[in-house]
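Participant: Mind having a look at this structure? Questions to follow.
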Amino acid sequence: MHEEIKNRALIVLDCLGVRLQGTYHPTAGRRMDSEATANCLDRVGVLFVNSLSLPRAASGDSAVHWADAIANHGYPAFRIDLPGLGDSEGHASTDLLDSINAGGFAAVTAAVVNKLVDRFGLTGMVIFGHCAGSVSALYTAAAAPACKGLVLLDPYFHLPQARRPKVREQLSDWARRSRIGKFLSNSFDQARNLRLALRGNAPPSNANAQLLACWKQVATAGLPILLLRAPGIKAQGAKPRVGEFDYIDHVTRLAGRKSRVAVEFVEDADHSFANRLGREAVTRHIAKWMEPHFPLPHSTLNAQGNSPLRNSENQIESRSSQPAKAEMDCALEGR
């Protein structure tokens with residue numbers, strides 16, 4: 001372990017022959033020792049994985065915010081850069097998104113989980129993934145028995161189609177600004193909706209069958225899963241855009257009645273969840289979800305009574321804030 005910085009410390013892990021860099025957020029009052037014997041935490045930790053090529057801090061340092069809040073509540077948090085990303089060694093695939101969608105980071109992330117559980121005396125790990133990171137988290141959950149839960153922000157279950165030509169992107173921008181364009185766009189959505197109904201709501205041809213099978217494996221086994229959704233482009237509240245396949249409804253049904261899947265809609269967030277209201281909402285949802293699934297020792301609960309996770313509900317300012325425009329260049333595009 002290197003360079004203690006306030007309530008964080010940099011850590012290095014050797015996993016599958018690659019040296020990975022990360023940040024450890026210890027629980028409140030915990031000394032940041034490197035030896036597992038000094039850190040027998042006897043509770044689950046929370047591991048944050050990269051979203052596509054973003055570094056471990058995530059958009060607007062949102063992962064730092066969440067990791068600090070989780071640690072102050074009593075759960076140690078870890079942000080790790082996977083091979084070729086951020087500060088870690090190794091080489092990321094030239095087709096990074098395709099590699100992630102095929103589970104390319106599952107083996108090394110499972111090794112990270114095992115290393116951290118052994119090193120810090122944890123009972124297991126909850127894996128936190130956003131967008132493409134949620135795909136890596138799901139594949140890892142199926143490969144790592146030490147994974148005890150998942151937090152997934154805006155997961156996707158499709159394989160991106162070929163990138164749209166520039167002229168189509170320009171037409172889409174025009175459709176969002178023009179009254180005639182909006183009418184034509186809505187008409188196109190209705191035509192897609194008709195095709196969707198005729199198909200009997202079966203998944204589209206670009207569904208990621210491998211990932212859906214992985215989801216079914218871990219969800220039907222009863223793994224606790226918290227799934228958070230942000231509003232999408234032309235979405236109808238928690239429902240997707242007209243004519244767009246509802247993957248969340250589909251995976252919820254795949255999970256079965258005995259699953260432990262919680263789905264929450266974060267109305268004030270954008271896709272990054274990095275705006276102020278989005279960050280605070282994620283913090284509240286994690287606290288509400290983790291406490292019953294992963295109870296802390298009684299003494300820890302008393303010590304963490306004033307944690308940011310619990311107090312954040314009262315810290316939201318009364319004024320409203322407009323969610324930022326969703327980033328178009330992300331894994332959600334191309335469905």
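Residue names in the structure tokens use chain letters A, B, ... in the order shown, residue numbers from 1 in each chain, and ligand numbers from 1 in the order shown.
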Tell me, as a PyMOL selection string, which residues lie within 12 Å of segment 215-224 of chain A, counting only C-alpha atoms; anything in the same chain fewer than 6 positions away does not count.
Facilitator: chain A and resi 125-127+134-152+155-157+208-209+247-248+250-263+286+289-294
Participant: Can you check which residues of segment 79-142 of chain A DSSP gives as strand (DSSP E or B) on the backbone and send them as number ranges by chain?
Facilitator: A: 79-80, 124-130
Participant: Can those selected residues be exported to a file as a PDB file, in the first residue's frame so that it contains N, CA and C atoms?
Facilitator:
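Okay, this is what ended up in result.pdb:
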ATOM      1  N   ARG A  79     -11.683   1.349  -5.346  1.00  0.00           N
ATOM      2  CA  ARG A  79     -11.806   1.733  -6.752  1.00  0.00           C
ATOM      3  C   ARG A  79     -10.550   1.255  -7.471  1.00  0.00           C
ATOM      4  N   ILE A  80     -10.719   0.358  -8.424  1.00  0.00           N
ATOM      5  CA  ILE A  80      -9.582  -0.265  -9.099  1.00  0.00           C
ATOM      6  C   ILE A  80      -9.632   0.031 -10.597  1.00  0.00           C
ATOM      7  N   GLY A 124     -16.943 -10.923   1.750  1.00  0.00           N
ATOM      8  CA  GLY A 124     -17.307 -10.966   0.342  1.00  0.00           C
ATOM      9  C   GLY A 124     -17.256  -9.570  -0.233  1.00  0.00           C
ATOM     10  N   MET A 125     -17.704  -9.434  -1.478  1.00  0.00           N
ATOM     11  CA  MET A 125     -17.613  -8.153  -2.166  1.00  0.00           C
ATOM     12  C   MET A 125     -18.899  -7.860  -2.932  1.00  0.00           C
ATOM     13  N   VAL A 126     -19.363  -6.628  -2.831  1.00  0.00           N
ATOM     14  CA  VAL A 126     -20.421  -6.108  -3.695  1.00  0.00           C
ATOM     15  C   VAL A 126     -19.725  -5.363  -4.830  1.00  0.00           C
ATOM     16  N   ILE A 127     -20.086  -5.663  -6.063  1.00  0.00           N
ATOM     17  CA  ILE A 127     -19.440  -5.021  -7.215  1.00  0.00           C
ATOM     18  C   ILE A 127     -20.358  -3.938  -7.767  1.00  0.00           C
ATOM     19  N   PHE A 128     -19.795  -2.760  -7.955  1.00  0.00           N
ATOM     20  CA  PHE A 128     -20.523  -1.582  -8.408  1.00  0.00           C
ATOM     21  C   PHE A 128     -20.081  -1.283  -9.835  1.00  0.00           C
ATOM     22  N   GLY A 129     -21.028  -1.280 -10.773  1.00  0.00           N
ATOM     23  CA  GLY A 129     -20.698  -0.989 -12.161  1.00  0.00           C
ATOM     24  C   GLY A 129     -21.687  -0.026 -12.785  1.00  0.00           C
ATOM     25  N   HIS A 130     -21.189   0.857 -13.645  1.00  0.00           N
ATOM     26  CA  HIS A 130     -22.026   1.822 -14.347  1.00  0.00           C
ATOM     27  C   HIS A 130     -21.876   1.614 -15.848  1.00  0.00           C
TER      28      HIS A 130
END
Participant: Would you mind reading off the distance between atom CA of Pro203 of chain A and atom CA of Pro160 of chain A, one decimal, in Å?
Facilitator: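 Interatomic distance, atom CA of Pro203 of chain A to atom CA of Pro160 of chain A: 14.0 Å.
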Participant: Quote the spacing between atom CA of Ala77 of chain A and atom CA of Asp98 of chain A in Å to one decimal place.
Facilitator: 28.0 Å
Participant: Any idea what the distance is between atom CA of Asp246 of chain A and atom CA of Ile225 of chain A?
Facilitator: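 It comes out at 18.2 Å.
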